[in-house]
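So the structure is just underneath, and the comments pick up after that.
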Amino acid sequence: MNVMNIKRIAAAISCSLMTVVAHAAVLPATQTDSQWFKDSAANVVAKAQVDTKKTAKNVILFVGDGMSISTLTAARILQGQDKADNQGGEENFLSFEQFPHTALVKTYNTNQQTPDSAGTMTAMATGVKTKAGIISISDTSLRGNCLSSKGNELVSLVDLANAKGLSTGIVTTARLTHATPAATYAKTPERDWEGDFNLPAEAVANGCTDIASQLVMRDEANSLTVALGGGRSYFLPTTVKDGENKAGKRKDGKDLTKAWVDNFSKSAYVWDKKGFDAIDAANTDHLLGLFNPSHMEYEADRADDVGGEPSLTEMTAKSLDILKKNDKGYLLIVESGRIDHGHHAGNASRALTDAVELSNAVKAAMDATSSDDTLIMVTADHSHVFTIAGYPKRGNPILGLVHNVDGTLATANDNKPYTTLAYTNGPGAVVGVRDDLTSVDTQDKDFMQQALIPMESETHAGEDISLHARGPGANLVQGVIEQNVIFHIINQAQQLGGTKY
Amino acid sequence: MKNRLLALMLSCLVLPNVAMAAQEAQCPTLQAEHLKAQYQVTNGKGQQWQMTLIRNGQDFIIQRDGSTFEEWSSNGEYVRYFPAEKRSVTYRKGDLRALNIQHDRDQLYHVVSPALPTHMTKTQSKQEACFATQGFEGKVNGLESELVWIDAISLPAEFILGQSQPNLAYKLVGVEPFNSDAFVVLTQDYQDIDFADVGDSESDPFIAKMINQGFIEHGGSGFYNSEGQSIEAQGGHGSHSH
């Protein structure tokens, strides 16, 4: 043992003693008796005891479309402030924010610094980044060019799970044919080819098919067990009016809802809440639910829907009831599709209400599964230019005007008040003089937050989003990762056969 | 084509002020819910433009210029059509709420609020051309105004906002029957997009142009000034104009 080693040992012993001393005396009681101190110490003890299994029988991937980190913060405060015993709301956690494993996710597309949903969900669903607008086709293809997509199709998590004999499900509040859900089951060089009427002559000539038909016209072995969302008009011909008296949009005359029922065993199609509630999970093996001609309603407006719609939580719970019947396991992908739309409209209230509902859906999934055999991951596809600003006092209504710590109304250089939540760009921008919000109810769900740069629609943002995980394989969620790593985490945890384990 | 247009014009009912002496026998049967009415609109600067209202049951279309027209559906949807591009943008109820766009459907359907007569004083009742009309006068938006109302079709023959110094005047210049089939044809074969999808469609040249230039009109009065802005919505909260 040389001198250097002796010095190191002495130093280690010394540090060890210091730690003991620090616990006993260095920290004053005002520190160690603090509830903040106690809670966080207990949190670390719990983390030290986390023992994560490696293999997942089931995987549930939740995607909040456009659910930026600022959206998570604002949604958790909104939910917290709705609780009767809240201490301001900031102390609240969304259901998945206490999952043991978290990572930051880089979202760019191969051709865009700030991405779109087609490219980002393709990354998650196939393990390969691609261009914006392209769905589960590799980057070598040209957007909107069918011929160039041929031979460049990518195998998705759904394809792999089906091949392994698992049950698969897609749930969304957007159209089922919209880019995010579509990337899980369809392959097309153009996200807008949702129905046959969207296909240009080149696509038809070269054998590309629309997204709606790709969802339905599948072999039973590679079929979806559950598909719930909006987009009914993309599945019905122009000659058929739906239950809400809206005509379909398909020009090929095909009624894909009928095809679903005809093609698959123990199948059912529902279009409203009543039909949804009547579904007996025990006797249904293939469920298609299309609850709106286009996107489903925002959660804030759901009660006003003509035909009635189930919530994201209800759709998730029903899906699990059906998927659980497969002893081999299942893969369920759930998208909260309209957080994104609320932000695009510059309307934080609707975006946040949908984010809270996503948290509720995750809670339902947590309650219905075991962390011993089910990996639950929650993420977003991209961010939005949504900010939480000013120095509002603790407990200031998250949708309200900024009030200083002393309770006075904070004002900007133009002597007008401002809201905590705002957007960098979008329809809330004012050219000229900014509105005086002094007498405006900024907490009204229809209030449009102010913005800086005038644009008809607020835009996505390019910063990272988060990934939260619990259950077998969740330990793989760590650090800053490329978005396509999510595919590999699921493939690894569920041993889907996409790569070596 | 010109002949067809001419025939259409001749088939229109005669103008209220020009053809007072028209024979009742020449008046086609009109249903208030299936008609096309054309108005001459004049603003305070003396500028004039045409406005067309087409009703199909409780659905209706309003066209103020050649570049766009708008449709309001009984299910609460609002669609803006761009004939040159054969493109349309649909705003569903939730989109309109999220954008804080409030339309007074009743006022748009009747050109002026159908409640106006109840707030004004009756003046002369007349038989003008094919219609029995009832005159009203009184204050609207704080301005002395005049209204000539046709009860049979629930539309104004004339409305002048601000009698002494007119701010806005609507004058009915033609009305004709318009059936459901013709109404459907007007909106056929448009490539439609949900407004909710606009933010994800920036690579679409049409949408990109619209995102940058703006293509919706916020506000709810149904009265538009020469710049196309709602004259009652100016300064209202959340009705940011751009």
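If you're wondering about the labels, chains in the structure tokens are A, B, ... by order shown, residues count from 1 in each chain, ligands from 1 in order shown.
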**Asked** Contacts of Leu236 (chain A) at 7 Å or less, counting only C-alpha atoms, minus same-chain residues fewer than 3 places along, as a list in words?
**Response** Arg232, Ser233, Val240, Gly248, Lys249, Arg250, Lys254, Asp255 and Leu256 of chain A
**Request:** Pick out the chain A residues within 6 Å of chain B. Count only C-alpha atoms. Give them as a PyMOL selection string.
**Result:** chain A and resi 341+344-345+347+430+446+455-457
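Closest approach to Ile135 (chain A) among A:Ala46, A:Ala163, A:Val158, A:Ala186 is made by A:Ala186 (distances from only C-alpha atoms).
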**Prompt:** Near region 167-182 of chain B, within 8 Å and counting only C-alpha atoms, which residues show up once chain neighbours fewer than 2 positions away are dropped, as an MDAnalysis selection string?
**Reply:** chainID B and resid 11:16 28:31 34:44 54:56 156:162 165 184:186 225
May I have the residues from that selection written out with N, CA and C atoms, as a tab-separated table (two decimals), in the first residue's frame?
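The resulting file, out.tsv, is reproduced below:
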```tsv
chain	number	residue	atom	x	y	z
B	11	SER	N	-84.53	36.68	-63.79
B	11	SER	CA	-85.42	35.83	-63.00
B	11	SER	C	-85.53	36.32	-61.56
B	12	CYS	N	-84.56	37.15	-61.16
B	12	CYS	CA	-84.62	37.68	-59.80
B	12	CYS	C	-85.87	38.54	-59.64
B	13	LEU	N	-86.32	38.57	-58.43
B	13	LEU	CA	-87.44	39.46	-58.19
B	13	LEU	C	-87.02	40.89	-58.42
B	14	VAL	N	-87.97	41.70	-58.80
B	14	VAL	CA	-87.66	43.09	-59.10
B	14	VAL	C	-87.22	43.85	-57.87
B	15	LEU	N	-86.47	44.91	-58.09
B	15	LEU	CA	-85.93	45.68	-56.98
B	15	LEU	C	-87.05	46.42	-56.27
B	16	PRO	N	-87.02	46.44	-54.98
B	16	PRO	CA	-88.11	47.06	-54.22
B	16	PRO	C	-88.36	48.51	-54.62
B	28	PRO	N	-92.63	35.33	-58.10
B	28	PRO	CA	-92.55	33.89	-57.84
B	28	PRO	C	-92.78	33.61	-56.37
B	29	THR	N	-93.20	32.39	-56.11
B	29	THR	CA	-93.41	32.00	-54.72
B	29	THR	C	-92.07	31.91	-54.01
B	30	LEU	N	-91.97	32.55	-52.88
B	30	LEU	CA	-90.72	32.55	-52.12
B	30	LEU	C	-90.93	31.87	-50.78
B	31	GLN	N	-89.96	31.04	-50.42
B	31	GLN	CA	-89.93	30.48	-49.07
B	31	GLN	C	-88.80	31.16	-48.32
B	34	HIS	N	-85.56	29.23	-48.20
B	34	HIS	CA	-84.86	28.79	-49.41
B	34	HIS	C	-84.85	29.94	-50.40
B	35	LEU	N	-83.95	30.86	-50.20
B	35	LEU	CA	-83.89	32.03	-51.08
B	35	LEU	C	-82.47	32.56	-51.19
B	36	LYS	N	-82.32	33.41	-52.19
B	36	LYS	CA	-81.06	34.12	-52.38
B	36	LYS	C	-81.39	35.61	-52.42
B	37	ALA	N	-80.81	36.35	-51.49
B	37	ALA	CA	-81.08	37.79	-51.42
B	37	ALA	C	-79.79	38.56	-51.65
B	38	GLN	N	-79.90	39.61	-52.46
B	38	GLN	CA	-78.70	40.41	-52.73
B	38	GLN	C	-78.89	41.82	-52.19
B	39	TYR	N	-77.87	42.31	-51.55
B	39	TYR	CA	-77.91	43.63	-50.95
B	39	TYR	C	-76.80	44.52	-51.51
B	40	GLN	N	-77.14	45.78	-51.63
B	40	GLN	CA	-76.13	46.81	-51.90
B	40	GLN	C	-75.76	47.40	-50.54
B	41	VAL	N	-74.49	47.33	-50.21
B	41	VAL	CA	-74.04	47.84	-48.91
B	41	VAL	C	-73.22	49.10	-49.14
B	42	THR	N	-73.51	50.13	-48.37
B	42	THR	CA	-72.78	51.40	-48.48
B	42	THR	C	-72.25	51.79	-47.11
B	43	ASN	N	-70.97	52.14	-47.04
B	43	ASN	CA	-70.43	52.54	-45.74
B	43	ASN	C	-70.38	54.06	-45.62
B	44	GLY	N	-69.90	54.53	-44.48
B	44	GLY	CA	-69.89	55.96	-44.19
B	44	GLY	C	-69.03	56.77	-45.14
B	54	ILE	N	-77.65	33.50	-48.95
B	54	ILE	CA	-78.38	32.35	-49.50
B	54	ILE	C	-78.77	31.44	-48.35
B	55	ARG	N	-80.08	31.20	-48.25
B	55	ARG	CA	-80.57	30.34	-47.16
B	55	ARG	C	-80.97	28.96	-47.68
B	56	ASN	N	-80.61	27.96	-46.87
B	56	ASN	CA	-81.07	26.60	-47.14
B	56	ASN	C	-81.52	26.01	-45.80
B	156	PRO	N	-84.64	42.56	-44.16
B	156	PRO	CA	-84.89	43.99	-44.38
B	156	PRO	C	-84.90	44.32	-45.88
B	157	ALA	N	-85.83	45.18	-46.26
B	157	ALA	CA	-85.74	45.75	-47.61
B	157	ALA	C	-84.68	46.83	-47.60
B	158	GLU	N	-84.56	47.49	-46.46
B	158	GLU	CA	-83.56	48.54	-46.33
B	158	GLU	C	-83.24	48.75	-44.85
B	159	PHE	N	-82.00	49.01	-44.58
B	159	PHE	CA	-81.59	49.35	-43.21
B	159	PHE	C	-80.51	50.42	-43.29
B	160	ILE	N	-80.76	51.52	-42.61
B	160	ILE	CA	-79.77	52.60	-42.60
B	160	ILE	C	-79.36	52.85	-41.15
B	161	LEU	N	-78.11	52.59	-40.86
B	161	LEU	CA	-77.57	52.80	-39.51
B	161	LEU	C	-77.02	54.22	-39.45
B	162	GLY	N	-77.69	55.08	-38.67
B	162	GLY	CA	-77.27	56.48	-38.60
B	162	GLY	C	-77.92	57.27	-39.71
B	165	GLN	N	-76.12	60.90	-40.76
B	165	GLN	CA	-74.81	60.65	-41.38
B	165	GLN	C	-74.61	59.14	-41.42
B	184	VAL	N	-76.30	22.92	-52.36
B	184	VAL	CA	-75.27	21.89	-52.19
B	184	VAL	C	-74.18	22.05	-53.25
B	185	VAL	N	-74.61	22.36	-54.48
B	185	VAL	CA	-73.65	22.50	-55.58
B	185	VAL	C	-72.62	23.60	-55.29
B	186	LEU	N	-73.08	24.64	-54.61
B	186	LEU	CA	-72.18	25.77	-54.33
B	186	LEU	C	-70.93	25.37	-53.56
B	225	ASN	N	-67.31	46.63	-41.57
B	225	ASN	CA	-66.93	47.90	-42.16
B	225	ASN	C	-66.19	47.66	-43.48
```
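Put simply, CA of Lys363 (chain A) is 25.0 Å away from CA of Asn292 (chain A).
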All residues 7 Å or closer to Lys54 (chain A), only C-alpha atoms, same chain fewer than 3 positions away omitted, as a tab-separated table (two decimals) with C-alpha atoms, in the first residue's frame:
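As a result, around22.tsv now contains:
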```
chain	number	residue	atom	x	y	z
A	472	PRO	CA	-40.56	-3.41	-16.41
A	473	GLY	CA	-38.00	-1.75	-18.65
A	493	ALA	CA	-38.92	-4.45	-22.64
```
**Distance query Gly243 (chain A) at most 10 Å, only C-alpha atoms, self and fewer than 6 positions along chain excluded, as a PyMOL selection string** = chain A and resi 271-272+291-293+306-307
**Request:** Would you please give, as a VMD selection string, all residues of region 179-425 of chain A that DSSP assigns to helix (DSSP H, G or I) based on the backbone?
**Result:** chain A and resid 179 to 185 196 to 198 201 to 205 211 to 216 220 to 222 232 to 234 256 to 263 273 to 278 281 to 283 299 to 304 312 to 323 339 to 344 348 to 368
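Residue nearest Phe69 (chain B), chosen from B:Ser125, B:Gly57, B:Cys27, B:Met51 and counting only C-alpha atoms: B:Met51.
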**Request:** Return as a VMD selection string the full set of residues in region 19-246 of chain A whose backbone-based DSSP assignment is strand (DSSP E or B).
**Result:** chain A and resid 58 to 64 101 to 106 135 137 153 167 to 175 188 226 to 230 237 241
Take the selection from the previous step and output its residues with C-alpha atoms, as an mmCIF file, in the first residue's frame.
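Written out: result_3.cif:
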```
data_model
loop_
_atom_site.group_PDB
_atom_site.id
_atom_site.type_symbol
_atom_site.label_atom_id
_atom_site.label_comp_id
_atom_site.auth_asym_id
_atom_site.auth_seq_id
_atom_site.Cartn_x
_atom_site.Cartn_y
_atom_site.Cartn_z
ATOM 1 C CA ASN A 58 -47.859 -5.361 -21.524
ATOM 2 C CA VAL A 59 -46.888 -1.895 -22.704
ATOM 3 C CA ILE A 60 -49.012 1.253 -22.668
ATOM 4 C CA LEU A 61 -47.578 4.320 -24.379
ATOM 5 C CA PHE A 62 -49.380 7.598 -23.731
ATOM 6 C CA VAL A 63 -48.621 10.512 -26.048
ATOM 7 C CA GLY A 64 -49.798 14.029 -25.294
ATOM 8 C CA HIS A 101 -37.880 7.114 -14.394
ATOM 9 C CA THR A 102 -37.724 10.192 -16.600
ATOM 10 C CA ALA A 103 -35.770 11.302 -19.652
ATOM 11 C CA LEU A 104 -35.636 14.329 -21.899
ATOM 12 C CA VAL A 105 -36.389 13.663 -25.553
ATOM 13 C CA LYS A 106 -34.986 15.387 -28.651
ATOM 14 C CA ILE A 135 -45.714 8.397 -41.765
ATOM 15 C CA ILE A 137 -41.732 5.586 -44.304
ATOM 16 C CA GLU A 153 -41.866 1.220 -45.561
ATOM 17 C CA SER A 167 -53.304 -7.676 -28.827
ATOM 18 C CA THR A 168 -52.927 -4.094 -30.033
ATOM 19 C CA GLY A 169 -54.960 -0.968 -29.545
ATOM 20 C CA ILE A 170 -54.970 2.669 -30.615
ATOM 21 C CA VAL A 171 -56.932 5.318 -28.748
ATOM 22 C CA THR A 172 -56.995 9.010 -29.586
ATOM 23 C CA THR A 173 -59.121 12.111 -29.213
ATOM 24 C CA ALA A 174 -57.989 13.251 -32.669
ATOM 25 C CA ARG A 175 -59.060 11.567 -35.891
ATOM 26 C CA THR A 188 -47.703 6.658 -46.271
ATOM 27 C CA VAL A 226 -59.208 -1.728 -30.419
ATOM 28 C CA ALA A 227 -59.338 1.506 -32.412
ATOM 29 C CA LEU A 228 -61.148 4.387 -30.728
ATOM 30 C CA GLY A 229 -61.168 8.043 -31.711
ATOM 31 C CA GLY A 230 -62.613 10.515 -34.202
ATOM 32 C CA PRO A 237 -68.918 7.138 -48.243
ATOM 33 C CA LYS A 241 -74.995 10.072 -43.373
#
```
**Message:** Excluding Asp106 (chain B) and its own-chain neighbours fewer than 2 positions away, which residues fall within 12 Å of it when counting only C-alpha atoms? Please give them as a PyMOL selection string.
**Reply:** chain B and resi 58-60+72+74+102-104+108-116+154-155+220-222
Go ahead and write the residues just picked, C-alpha atoms, as a PDB file, in the first residue's frame.
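Produced file again_22.pdb, reproduced below:
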```pdb
ATOM      1  CA  GLN B  58     -81.264  26.912 -41.128  1.00  0.00           C
ATOM      2  CA  ASP B  59     -77.966  26.714 -43.048  1.00  0.00           C
ATOM      3  CA  PHE B  60     -76.911  29.816 -44.924  1.00  0.00           C
ATOM      4  CA  TRP B  72     -72.987  28.750 -41.259  1.00  0.00           C
ATOM      5  CA  SER B  74     -77.254  24.553 -38.141  1.00  0.00           C
ATOM      6  CA  GLN B 102     -68.700  34.608 -31.540  1.00  0.00           C
ATOM      7  CA  HIS B 103     -71.148  35.045 -34.365  1.00  0.00           C
ATOM      8  CA  ASP B 104     -74.671  36.299 -33.913  1.00  0.00           C
ATOM      9  CA  LEU B 108     -76.432  37.003 -39.949  1.00  0.00           C
ATOM     10  CA  TYR B 109     -79.438  34.936 -41.020  1.00  0.00           C
ATOM     11  CA  HIS B 110     -81.631  38.044 -41.077  1.00  0.00           C
ATOM     12  CA  VAL B 111     -78.917  40.538 -42.156  1.00  0.00           C
ATOM     13  CA  VAL B 112     -79.947  42.638 -39.153  1.00  0.00           C
ATOM     14  CA  SER B 113     -81.003  41.418 -35.739  1.00  0.00           C
ATOM     15  CA  PRO B 114     -84.614  40.207 -35.994  1.00  0.00           C
ATOM     16  CA  ALA B 115     -85.112  41.782 -32.586  1.00  0.00           C
ATOM     17  CA  LEU B 116     -84.526  45.278 -34.004  1.00  0.00           C
ATOM     18  CA  SER B 154     -87.769  37.899 -42.448  1.00  0.00           C
ATOM     19  CA  LEU B 155     -85.341  40.244 -44.144  1.00  0.00           C
ATOM     20  CA  GLY B 220     -69.806  38.847 -33.884  1.00  0.00           C
ATOM     21  CA  SER B 221     -72.051  41.612 -35.076  1.00  0.00           C
ATOM     22  CA  GLY B 222     -72.583  40.605 -38.648  1.00  0.00           C
TER      23      GLY B 222
END
```
**Complete:** Counting only C-alpha atoms, closest pick from B:Pro117, B:Pro205, B:Gly76, B:Pro83 relative to Arg105 (chain B) is B:Gly76
**Request:** Counting only C-alpha atoms, figure out which residue out of A:Gly231, A:Gly88, A:Gly471, A:Gly127 gets nearest to Ser370 (chain A).
**Result:**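 With only C-alpha atoms as the atom set, the closest residue is A:Gly471.
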